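Source file: coords07.txt. Holds: compact mmCIF, N, CA and C atoms.
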# COMPACT_ATOMS: atom_id res chain seq x y z
N MET C 1 -7.75 -1.66 -4.16
CA MET C 1 -7.33 -2.33 -5.35
C MET C 1 -7.66 -1.48 -6.58
N VAL C 2 -8.81 -0.85 -6.58
CA VAL C 2 -9.21 0.00 -7.71
C VAL C 2 -8.28 1.20 -7.82
N VAL C 3 -7.84 1.71 -6.68
CA VAL C 3 -6.94 2.87 -6.69
C VAL C 3 -5.61 2.49 -7.35
N HIS C 4 -5.12 1.30 -7.05
CA HIS C 4 -3.87 0.85 -7.68
C HIS C 4 -4.04 0.74 -9.19
N LEU C 5 -5.15 0.15 -9.62
CA LEU C 5 -5.36 -0.03 -11.05
C LEU C 5 -5.62 1.30 -11.76
N ALA C 6 -6.25 2.25 -11.07
CA ALA C 6 -6.52 3.56 -11.68
C ALA C 6 -5.24 4.30 -12.00
N PHE C 7 -4.20 4.08 -11.22
CA PHE C 7 -2.91 4.70 -11.52
C PHE C 7 -2.07 3.83 -12.44
N SER C 8 -2.15 2.52 -12.28
CA SER C 8 -1.23 1.61 -12.96
C SER C 8 -1.57 1.35 -14.41
N LEU C 9 -2.83 1.17 -14.71
CA LEU C 9 -3.18 0.85 -16.09
C LEU C 9 -2.82 1.96 -17.07
N PRO C 10 -3.08 3.23 -16.76
CA PRO C 10 -2.58 4.27 -17.68
C PRO C 10 -1.06 4.30 -17.77
N ALA C 11 -0.38 3.96 -16.68
CA ALA C 11 1.09 3.95 -16.71
C ALA C 11 1.61 2.83 -17.60
N ILE C 12 0.90 1.72 -17.65
CA ILE C 12 1.33 0.61 -18.51
C ILE C 12 0.92 0.87 -19.96
N ILE C 13 -0.29 1.36 -20.15
CA ILE C 13 -0.78 1.57 -21.52
C ILE C 13 -0.04 2.73 -22.19
N ARG C 14 0.20 3.80 -21.45
CA ARG C 14 0.87 4.99 -22.01
C ARG C 14 2.13 5.31 -21.20
N PRO C 15 3.23 4.57 -21.41
CA PRO C 15 4.44 4.84 -20.63
C PRO C 15 5.12 6.17 -20.97
N ASN C 16 4.64 6.88 -21.99
CA ASN C 16 5.24 8.17 -22.35
C ASN C 16 4.54 9.35 -21.68
N ILE C 17 3.71 9.12 -20.70
CA ILE C 17 3.01 10.20 -20.00
C ILE C 17 4.00 11.21 -19.40
N PRO C 18 5.13 10.78 -18.80
CA PRO C 18 6.06 11.79 -18.27
C PRO C 18 6.65 12.71 -19.34
N LEU C 19 6.71 12.25 -20.58
CA LEU C 19 7.18 13.12 -21.66
C LEU C 19 6.11 14.12 -22.09
N LEU C 20 4.85 13.71 -21.98
CA LEU C 20 3.75 14.58 -22.39
C LEU C 20 3.39 15.61 -21.32
N TYR C 21 3.46 15.18 -20.06
CA TYR C 21 3.09 16.05 -18.93
C TYR C 21 4.29 16.18 -18.00
N PRO C 22 4.90 17.37 -17.92
CA PRO C 22 6.09 17.54 -17.09
C PRO C 22 5.86 17.27 -15.61
N SER C 23 4.62 17.34 -15.14
CA SER C 23 4.37 17.11 -13.73
C SER C 23 4.62 15.65 -13.33
N PHE C 24 4.69 14.75 -14.31
CA PHE C 24 4.97 13.35 -14.03
C PHE C 24 6.44 13.01 -14.23
N SER C 25 7.29 14.00 -14.42
CA SER C 25 8.69 13.72 -14.73
C SER C 25 9.44 13.07 -13.57
N ALA C 26 9.07 13.38 -12.34
CA ALA C 26 9.77 12.78 -11.20
C ALA C 26 9.56 11.27 -11.14
N PHE C 27 8.40 10.80 -11.61
CA PHE C 27 8.16 9.37 -11.65
C PHE C 27 9.16 8.69 -12.58
N ASP C 28 9.33 9.26 -13.77
CA ASP C 28 10.23 8.67 -14.76
C ASP C 28 11.69 8.88 -14.40
N ASP C 29 12.00 9.91 -13.62
CA ASP C 29 13.38 10.14 -13.20
C ASP C 29 13.85 9.10 -12.20
N SER C 30 12.94 8.60 -11.37
CA SER C 30 13.35 7.63 -10.35
C SER C 30 13.43 6.22 -10.94
N ILE C 31 12.34 5.75 -11.51
CA ILE C 31 12.32 4.46 -12.22
C ILE C 31 11.43 4.64 -13.44
N PRO C 32 11.53 3.76 -14.44
CA PRO C 32 10.68 3.92 -15.62
C PRO C 32 9.19 3.92 -15.25
N PHE C 33 8.44 4.71 -15.98
CA PHE C 33 7.03 4.91 -15.65
C PHE C 33 6.24 3.61 -15.77
N SER C 34 6.61 2.75 -16.71
CA SER C 34 5.91 1.47 -16.84
C SER C 34 6.18 0.57 -15.63
N ALA C 35 7.32 0.73 -14.97
CA ALA C 35 7.60 -0.03 -13.74
C ALA C 35 6.69 0.43 -12.60
N TRP C 36 6.35 1.71 -12.59
CA TRP C 36 5.36 2.18 -11.61
C TRP C 36 4.03 1.47 -11.84
N GLY C 37 3.66 1.32 -13.10
CA GLY C 37 2.43 0.62 -13.43
C GLY C 37 2.48 -0.85 -13.04
N ALA C 38 3.61 -1.49 -13.28
CA ALA C 38 3.76 -2.90 -12.90
C ALA C 38 3.69 -3.07 -11.39
N GLY C 39 4.26 -2.12 -10.65
CA GLY C 39 4.18 -2.19 -9.18
C GLY C 39 2.77 -2.04 -8.67
N GLY C 40 1.98 -1.20 -9.32
CA GLY C 40 0.59 -1.04 -8.93
C GLY C 40 -0.26 -2.25 -9.26
N VAL C 41 -0.01 -2.85 -10.43
CA VAL C 41 -0.74 -4.06 -10.79
C VAL C 41 -0.37 -5.19 -9.82
N LEU C 42 0.91 -5.27 -9.46
CA LEU C 42 1.33 -6.28 -8.48
C LEU C 42 0.63 -6.07 -7.14
N ALA C 43 0.54 -4.84 -6.68
CA ALA C 43 -0.15 -4.55 -5.42
C ALA C 43 -1.63 -4.93 -5.52
N ALA C 44 -2.27 -4.62 -6.63
CA ALA C 44 -3.69 -4.95 -6.79
C ALA C 44 -3.89 -6.46 -6.82
N LEU C 45 -3.03 -7.18 -7.52
CA LEU C 45 -3.15 -8.64 -7.56
C LEU C 45 -2.92 -9.27 -6.19
N LEU C 46 -1.92 -8.77 -5.47
CA LEU C 46 -1.66 -9.32 -4.13
C LEU C 46 -2.84 -9.07 -3.20
N LEU C 47 -3.43 -7.89 -3.28
CA LEU C 47 -4.59 -7.60 -2.43
C LEU C 47 -5.79 -8.45 -2.82
N TRP C 48 -5.91 -8.76 -4.08
CA TRP C 48 -7.05 -9.54 -4.54
C TRP C 48 -6.88 -11.03 -4.21
N LEU C 49 -5.66 -11.54 -4.31
CA LEU C 49 -5.44 -12.98 -4.17
C LEU C 49 -5.17 -13.43 -2.75
N LEU C 50 -4.58 -12.59 -1.92
CA LEU C 50 -4.19 -13.01 -0.58
C LEU C 50 -5.13 -12.44 0.47
N PRO C 51 -5.60 -13.27 1.38
CA PRO C 51 -6.40 -12.72 2.48
C PRO C 51 -5.51 -11.89 3.41
N PRO C 52 -6.04 -10.83 3.98
CA PRO C 52 -5.18 -9.91 4.74
C PRO C 52 -4.70 -10.44 6.09
N ARG C 53 -5.27 -11.53 6.59
CA ARG C 53 -4.92 -11.97 7.94
C ARG C 53 -3.98 -13.17 7.96
N VAL C 54 -3.23 -13.36 6.88
CA VAL C 54 -2.15 -14.35 6.84
C VAL C 54 -0.86 -13.57 6.67
N PRO C 55 0.30 -14.15 7.02
CA PRO C 55 1.54 -13.37 6.95
C PRO C 55 1.83 -12.73 5.59
N PHE C 56 1.66 -13.46 4.49
CA PHE C 56 1.91 -12.84 3.19
C PHE C 56 0.84 -11.81 2.84
N GLY C 57 -0.35 -11.99 3.34
CA GLY C 57 -1.39 -10.97 3.15
C GLY C 57 -1.06 -9.70 3.90
N LEU C 58 -0.46 -9.84 5.07
CA LEU C 58 -0.02 -8.66 5.81
C LEU C 58 1.08 -7.92 5.05
N LEU C 59 1.98 -8.68 4.45
CA LEU C 59 3.04 -8.05 3.65
C LEU C 59 2.47 -7.34 2.43
N SER C 60 1.47 -7.95 1.80
CA SER C 60 0.88 -7.30 0.63
C SER C 60 0.14 -6.02 1.03
N THR C 61 -0.51 -6.02 2.19
CA THR C 61 -1.19 -4.81 2.66
C THR C 61 -0.18 -3.72 2.99
N ALA C 62 0.94 -4.10 3.61
CA ALA C 62 2.00 -3.12 3.90
C ALA C 62 2.60 -2.57 2.61
N TYR C 63 2.79 -3.43 1.62
CA TYR C 63 3.30 -2.99 0.32
C TYR C 63 2.33 -2.01 -0.34
N SER C 64 1.05 -2.30 -0.23
CA SER C 64 0.03 -1.41 -0.79
C SER C 64 0.10 -0.03 -0.15
N ALA C 65 0.22 0.01 1.18
CA ALA C 65 0.30 1.30 1.87
C ALA C 65 1.56 2.05 1.46
N PHE C 66 2.69 1.35 1.38
CA PHE C 66 3.95 1.98 0.99
C PHE C 66 3.86 2.52 -0.43
N TYR C 67 3.29 1.73 -1.33
CA TYR C 67 3.19 2.14 -2.73
C TYR C 67 2.33 3.40 -2.88
N LEU C 68 1.19 3.42 -2.22
CA LEU C 68 0.30 4.58 -2.33
C LEU C 68 0.93 5.82 -1.71
N TYR C 69 1.58 5.66 -0.58
CA TYR C 69 2.23 6.80 0.06
C TYR C 69 3.40 7.30 -0.80
N LEU C 70 4.10 6.39 -1.44
CA LEU C 70 5.21 6.77 -2.31
C LEU C 70 4.71 7.54 -3.54
N ILE C 71 3.58 7.15 -4.09
CA ILE C 71 3.00 7.89 -5.21
C ILE C 71 2.66 9.31 -4.76
N GLY C 72 2.09 9.46 -3.58
CA GLY C 72 1.80 10.79 -3.05
C GLY C 72 3.05 11.63 -2.89
N ALA C 73 4.12 11.00 -2.43
CA ALA C 73 5.39 11.72 -2.28
C ALA C 73 5.95 12.13 -3.64
N MET C 74 5.78 11.28 -4.64
CA MET C 74 6.29 11.63 -5.96
C MET C 74 5.46 12.75 -6.59
N TYR C 75 4.16 12.77 -6.34
CA TYR C 75 3.35 13.89 -6.81
C TYR C 75 3.82 15.20 -6.17
N GLN C 76 4.13 15.16 -4.91
CA GLN C 76 4.60 16.37 -4.23
C GLN C 76 5.97 16.77 -4.75
N GLN C 77 6.83 15.81 -4.98
CA GLN C 77 8.19 16.10 -5.42
C GLN C 77 8.22 16.63 -6.85
N SER C 78 7.34 16.13 -7.70
CA SER C 78 7.43 16.48 -9.11
C SER C 78 6.98 17.90 -9.38
N ALA C 79 5.75 18.21 -9.07
CA ALA C 79 5.25 19.55 -9.40
C ALA C 79 4.51 20.19 -8.25
N GLY C 80 4.53 19.57 -7.11
CA GLY C 80 3.80 20.10 -5.98
C GLY C 80 2.30 20.04 -6.17
N LEU C 81 1.84 18.98 -6.82
CA LEU C 81 0.41 18.82 -7.07
C LEU C 81 -0.29 18.46 -5.77
N LEU C 82 -0.87 19.45 -5.15
CA LEU C 82 -1.49 19.25 -3.85
C LEU C 82 -2.66 18.28 -3.87
N PRO C 83 -3.58 18.34 -4.83
CA PRO C 83 -4.69 17.38 -4.81
C PRO C 83 -4.22 15.93 -4.95
N GLY C 84 -3.30 15.67 -5.87
CA GLY C 84 -2.77 14.31 -6.02
C GLY C 84 -1.99 13.86 -4.81
N THR C 85 -1.24 14.78 -4.23
CA THR C 85 -0.48 14.46 -3.02
C THR C 85 -1.42 14.08 -1.89
N LEU C 86 -2.41 14.91 -1.65
CA LEU C 86 -3.34 14.63 -0.55
C LEU C 86 -4.14 13.36 -0.80
N LEU C 87 -4.56 13.15 -2.04
CA LEU C 87 -5.35 11.98 -2.36
C LEU C 87 -4.58 10.69 -2.13
N TYR C 88 -3.39 10.59 -2.70
CA TYR C 88 -2.64 9.35 -2.58
C TYR C 88 -2.04 9.16 -1.20
N ARG C 89 -1.67 10.24 -0.54
CA ARG C 89 -1.20 10.07 0.84
C ARG C 89 -2.33 9.64 1.76
N SER C 90 -3.54 10.17 1.54
CA SER C 90 -4.66 9.72 2.37
C SER C 90 -4.99 8.26 2.09
N PHE C 91 -4.90 7.84 0.81
CA PHE C 91 -5.08 6.42 0.50
C PHE C 91 -4.00 5.58 1.17
N GLY C 92 -2.77 6.07 1.19
CA GLY C 92 -1.69 5.35 1.85
C GLY C 92 -1.91 5.24 3.35
N ILE C 93 -2.40 6.32 3.96
CA ILE C 93 -2.68 6.29 5.40
C ILE C 93 -3.81 5.32 5.70
N MET C 94 -4.86 5.35 4.87
CA MET C 94 -5.97 4.42 5.10
C MET C 94 -5.53 2.97 4.90
N SER C 95 -4.69 2.73 3.92
CA SER C 95 -4.17 1.39 3.71
C SER C 95 -3.28 0.96 4.87
N GLY C 96 -2.53 1.90 5.41
CA GLY C 96 -1.73 1.59 6.60
C GLY C 96 -2.59 1.27 7.81
N LEU C 97 -3.70 1.96 7.95
CA LEU C 97 -4.63 1.64 9.04
C LEU C 97 -5.25 0.26 8.85
N LEU C 98 -5.57 -0.10 7.62
CA LEU C 98 -6.07 -1.45 7.36
C LEU C 98 -5.00 -2.49 7.66
N PHE C 99 -3.74 -2.17 7.37
CA PHE C 99 -2.65 -3.07 7.72
C PHE C 99 -2.56 -3.26 9.23
N MET C 100 -2.64 -2.17 9.97
CA MET C 100 -2.55 -2.29 11.43
C MET C 100 -3.72 -3.09 11.99
N ARG C 101 -4.91 -2.91 11.43
CA ARG C 101 -6.07 -3.67 11.88
C ARG C 101 -5.89 -5.15 11.60
N ALA C 102 -5.43 -5.49 10.39
CA ALA C 102 -5.21 -6.90 10.05
C ALA C 102 -4.08 -7.50 10.89
N LEU C 103 -3.05 -6.70 11.18
CA LEU C 103 -1.96 -7.18 12.02
C LEU C 103 -2.45 -7.46 13.43
N TRP C 104 -3.30 -6.59 13.96
CA TRP C 104 -3.84 -6.80 15.30
C TRP C 104 -4.69 -8.06 15.37
N ILE C 105 -5.54 -8.25 14.37
CA ILE C 105 -6.39 -9.45 14.35
C ILE C 105 -5.53 -10.71 14.22
N TRP C 106 -4.48 -10.66 13.41
CA TRP C 106 -3.59 -11.80 13.27
C TRP C 106 -2.85 -12.07 14.58
N ALA C 107 -2.39 -11.00 15.25
CA ALA C 107 -1.63 -11.17 16.48
C ALA C 107 -2.49 -11.67 17.63
N GLU C 108 -3.77 -11.30 17.64
CA GLU C 108 -4.65 -11.77 18.71
C GLU C 108 -4.80 -13.28 18.71
N GLN C 109 -4.55 -13.93 17.61
CA GLN C 109 -4.66 -15.38 17.53
C GLN C 109 -3.45 -16.08 18.13
N LYS C 110 -2.37 -15.36 18.36
CA LYS C 110 -1.13 -15.95 18.88
C LYS C 110 -1.12 -15.92 20.40
N THR C 111 -0.74 -17.03 20.99
CA THR C 111 -0.73 -17.15 22.45
C THR C 111 0.25 -16.17 23.07
N TRP C 112 1.44 -16.02 22.47
CA TRP C 112 2.44 -15.13 23.03
C TRP C 112 1.89 -13.71 23.13
N PHE C 113 1.22 -13.26 22.12
CA PHE C 113 0.66 -11.91 22.10
C PHE C 113 -0.39 -11.74 23.18
N ARG C 114 -1.25 -12.73 23.32
CA ARG C 114 -2.30 -12.63 24.33
C ARG C 114 -1.72 -12.63 25.74
N VAL C 115 -0.67 -13.40 25.97
CA VAL C 115 -0.09 -13.48 27.33
C VAL C 115 0.74 -12.24 27.64
N HIS C 116 1.62 -11.84 26.72
CA HIS C 116 2.58 -10.78 27.02
C HIS C 116 2.10 -9.37 26.70
N VAL C 117 1.21 -9.22 25.75
CA VAL C 117 0.75 -7.89 25.39
C VAL C 117 -0.60 -7.59 25.99
N MET C 118 -1.53 -8.51 25.84
CA MET C 118 -2.88 -8.27 26.35
C MET C 118 -3.03 -8.70 27.81
N ARG C 119 -2.00 -9.31 28.35
CA ARG C 119 -1.94 -9.71 29.77
C ARG C 119 -3.06 -10.66 30.17
N GLU C 120 -3.41 -11.58 29.30
CA GLU C 120 -4.38 -12.59 29.65
C GLU C 120 -3.67 -13.74 30.36
N LYS C 121 -4.36 -14.36 31.27
CA LYS C 121 -3.77 -15.49 31.97
C LYS C 121 -3.91 -16.73 31.10
N HIS C 122 -2.84 -17.44 30.93
CA HIS C 122 -2.79 -18.72 30.21
C HIS C 122 -3.12 -18.56 28.72
N GLY C 123 -3.16 -17.37 28.21
CA GLY C 123 -3.35 -17.15 26.78
C GLY C 123 -4.71 -17.55 26.25
N ARG C 124 -5.76 -17.53 27.07
CA ARG C 124 -7.08 -17.94 26.61
C ARG C 124 -7.97 -16.77 26.34

Rewrite the structure of this file - the entire thing - as structure tokens.
Amino acid sequence: MVVHLAFSLPAIIRPNIPLLYPSFSAFDDSIPFSAWGAGGVLAALLLWLLPPRVPFGLLSTAYSAFYLYLIGAMYQQSAGLLPGTLLYRSFGIMSGLLFMRALWIWAEQKTWFRVHVMREKHGR
């Protein structure tokens, strides 16, 4: 959640950053820079408000992973900033791993999953 806010709040407060720093131009070329900030604040709020082991919490965790990985891709596309690319892609991968963990815990509660995937008898 802090990672989302660390990128989003400057994007909302200073939406002219792509004009000041050419390395951020790819962000503004795809969608307005303030919309990137709004997407990050939305991800942070969803992660804060929704528990990860309910269906909408799983969607918010998946959105978080997608958003962080997309920021890493935009850093690579804009100026080839390797540190930013590696940082945000690693955050995206870690968020994806948290999503898979929460999905597994959610699925273990379902009888169908226990019977057909984990091969338990009678789903107990």

Show me the residues around (-5.1, -3.5, 4.1) - criterion: an atom at most 10 Å away, only C-alpha atoms counted - as a PyMOL selection string.
chain C and resi 1+47+51-53+57-65+92+94-103

Resulting file, chosen residues, N, CA and C atoms, as a compact mmCIF listing (two decimals), keeping the file's coordinate frame:
# COMPACT_ATOMS: atom_id res chain seq x y z
N MET C 1 -7.75 -1.66 -4.16
CA MET C 1 -7.33 -2.33 -5.35
C MET C 1 -7.66 -1.48 -6.58
N LEU C 47 -3.43 -7.89 -3.28
CA LEU C 47 -4.59 -7.60 -2.43
C LEU C 47 -5.79 -8.45 -2.82
N PRO C 51 -5.60 -13.27 1.38
CA PRO C 51 -6.40 -12.72 2.48
C PRO C 51 -5.51 -11.89 3.41
N PRO C 52 -6.04 -10.83 3.98
CA PRO C 52 -5.18 -9.91 4.74
C PRO C 52 -4.70 -10.44 6.09
N ARG C 53 -5.27 -11.53 6.59
CA ARG C 53 -4.92 -11.97 7.94
C ARG C 53 -3.98 -13.17 7.96
N GLY C 57 -0.35 -11.99 3.34
CA GLY C 57 -1.39 -10.97 3.15
C GLY C 57 -1.06 -9.70 3.90
N LEU C 58 -0.46 -9.84 5.07
CA LEU C 58 -0.02 -8.66 5.81
C LEU C 58 1.08 -7.92 5.05
N LEU C 59 1.98 -8.68 4.45
CA LEU C 59 3.04 -8.05 3.65
C LEU C 59 2.47 -7.34 2.43
N SER C 60 1.47 -7.95 1.80
CA SER C 60 0.88 -7.30 0.63
C SER C 60 0.14 -6.02 1.03
N THR C 61 -0.51 -6.02 2.19
CA THR C 61 -1.19 -4.81 2.66
C THR C 61 -0.18 -3.72 2.99
N ALA C 62 0.94 -4.10 3.61
CA ALA C 62 2.00 -3.12 3.90
C ALA C 62 2.60 -2.57 2.61
N TYR C 63 2.79 -3.43 1.62
CA TYR C 63 3.30 -2.99 0.32
C TYR C 63 2.33 -2.01 -0.34
N SER C 64 1.05 -2.30 -0.23
CA SER C 64 0.03 -1.41 -0.79
C SER C 64 0.10 -0.03 -0.15
N ALA C 65 0.22 0.01 1.18
CA ALA C 65 0.30 1.30 1.87
C ALA C 65 1.56 2.05 1.46
N GLY C 92 -2.77 6.07 1.19
CA GLY C 92 -1.69 5.35 1.85
C GLY C 92 -1.91 5.24 3.35
N MET C 94 -4.86 5.35 4.87
CA MET C 94 -5.97 4.42 5.10
C MET C 94 -5.53 2.97 4.90
N SER C 95 -4.69 2.73 3.92
CA SER C 95 -4.17 1.39 3.71
C SER C 95 -3.28 0.96 4.87
N GLY C 96 -2.53 1.90 5.41
CA GLY C 96 -1.73 1.59 6.60
C GLY C 96 -2.59 1.27 7.81
N LEU C 97 -3.70 1.96 7.95
CA LEU C 97 -4.63 1.64 9.04
C LEU C 97 -5.25 0.26 8.85
N LEU C 98 -5.57 -0.10 7.62
CA LEU C 98 -6.07 -1.45 7.36
C LEU C 98 -5.00 -2.49 7.66
N PHE C 99 -3.74 -2.17 7.37
CA PHE C 99 -2.65 -3.07 7.72
C PHE C 99 -2.56 -3.26 9.23
N MET C 100 -2.64 -2.17 9.97
CA MET C 100 -2.55 -2.29 11.43
C MET C 100 -3.72 -3.09 11.99
N ARG C 101 -4.91 -2.91 11.43
CA ARG C 101 -6.07 -3.67 11.88
C ARG C 101 -5.89 -5.15 11.60
N ALA C 102 -5.43 -5.49 10.39
CA ALA C 102 -5.21 -6.90 10.05
C ALA C 102 -4.08 -7.50 10.89
N LEU C 103 -3.05 -6.70 11.18
CA LEU C 103 -1.96 -7.18 12.02
C LEU C 103 -2.45 -7.46 13.43

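From atom N of Ala73 in chain C back to CA of Leu20 in chain C, the distance works out to 20.3 Å.
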
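One distance worth recording is that between atom C of Phe91 in chain C and atom N of Ile71 in chain C, which is 9.4 Å.
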
I'd like the neighbourhood of range 21-34 of chain C as a list in words, where a residue qualifies if any of its atoms comes within 6.5 Å (using all atoms listed in the file), though same-chain residues fewer than 4 positions away should be ignored.
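Close residues of range 21-34 of chain C: Ala11, Ile12, Pro15, Asn16, Ile17, Ala38, Gly39, Met74, Gln77, Ser78 and Ala79 of chain C.
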
For each of C:Leu49, C:Thr111, C:Gly84, C:Ala43, take the minimum atom-to-atom distance to Tyr67 in chain C, counting only C-alpha atoms, then give the residue where this is smallest.
C:Ala43

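Each of C:Leu81, C:Ala6, C:Ile105, C:Leu19 was checked against Ala44 in chain C using only C-alpha atoms; the smallest atom-to-atom distance is that of C:Ala6.
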
Using only C-alpha atoms, pick whichever of C:Tyr69, C:Val2, C:Trp48, C:Val41 has the shortest atom-to-atom distance to Leu86 in chain C.
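Once distances to Leu86 in chain C are computed over only C-alpha atoms, the minimum belongs to C:Tyr69.
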
Can you work out the spacing between CA of Trp112 in chain C and CA of Val54 in chain C in Å, to one decimal?
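Between CA of Trp112 in chain C and CA of Val54 in chain C the gap works out to 16.8 Å.
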
Kindly indicate which residue among C:Phe66, C:Val115, C:Gly40, C:Phe56 lies nearest to Leu5 in chain C, using all atoms listed in the file for the distances.
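Smallest distance to Leu5 in chain C is found for C:Gly40.
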
If we count only N, CA and C atoms, what is near Leu9 in chain C at a cut-off of 6 Å, once residues fewer than 5 positions away on the same chain are taken out, given as JSON, numbers by chain?
{"C": [4, 14, 37]}

Take the residues from that selection and put them in a file with N, CA and C atoms, as a PDB file, in the coordinates of the input.
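Okay, part-v5.pdb is ready:
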ATOM      1  N   HIS C   4      -5.120   1.300  -7.050  1.00  0.00           N
ATOM      2  CA  HIS C   4      -3.870   0.850  -7.680  1.00  0.00           C
ATOM      3  C   HIS C   4      -4.040   0.740  -9.190  1.00  0.00           C
ATOM      4  N   ARG C  14       0.200   3.800 -21.450  1.00  0.00           N
ATOM      5  CA  ARG C  14       0.870   4.990 -22.010  1.00  0.00           C
ATOM      6  C   ARG C  14       2.130   5.310 -21.200  1.00  0.00           C
ATOM      7  N   GLY C  37       3.660   1.320 -13.100  1.00  0.00           N
ATOM      8  CA  GLY C  37       2.430   0.620 -13.430  1.00  0.00           C
ATOM      9  C   GLY C  37       2.480  -0.850 -13.040  1.00  0.00           C
TER      10      GLY C  37
END
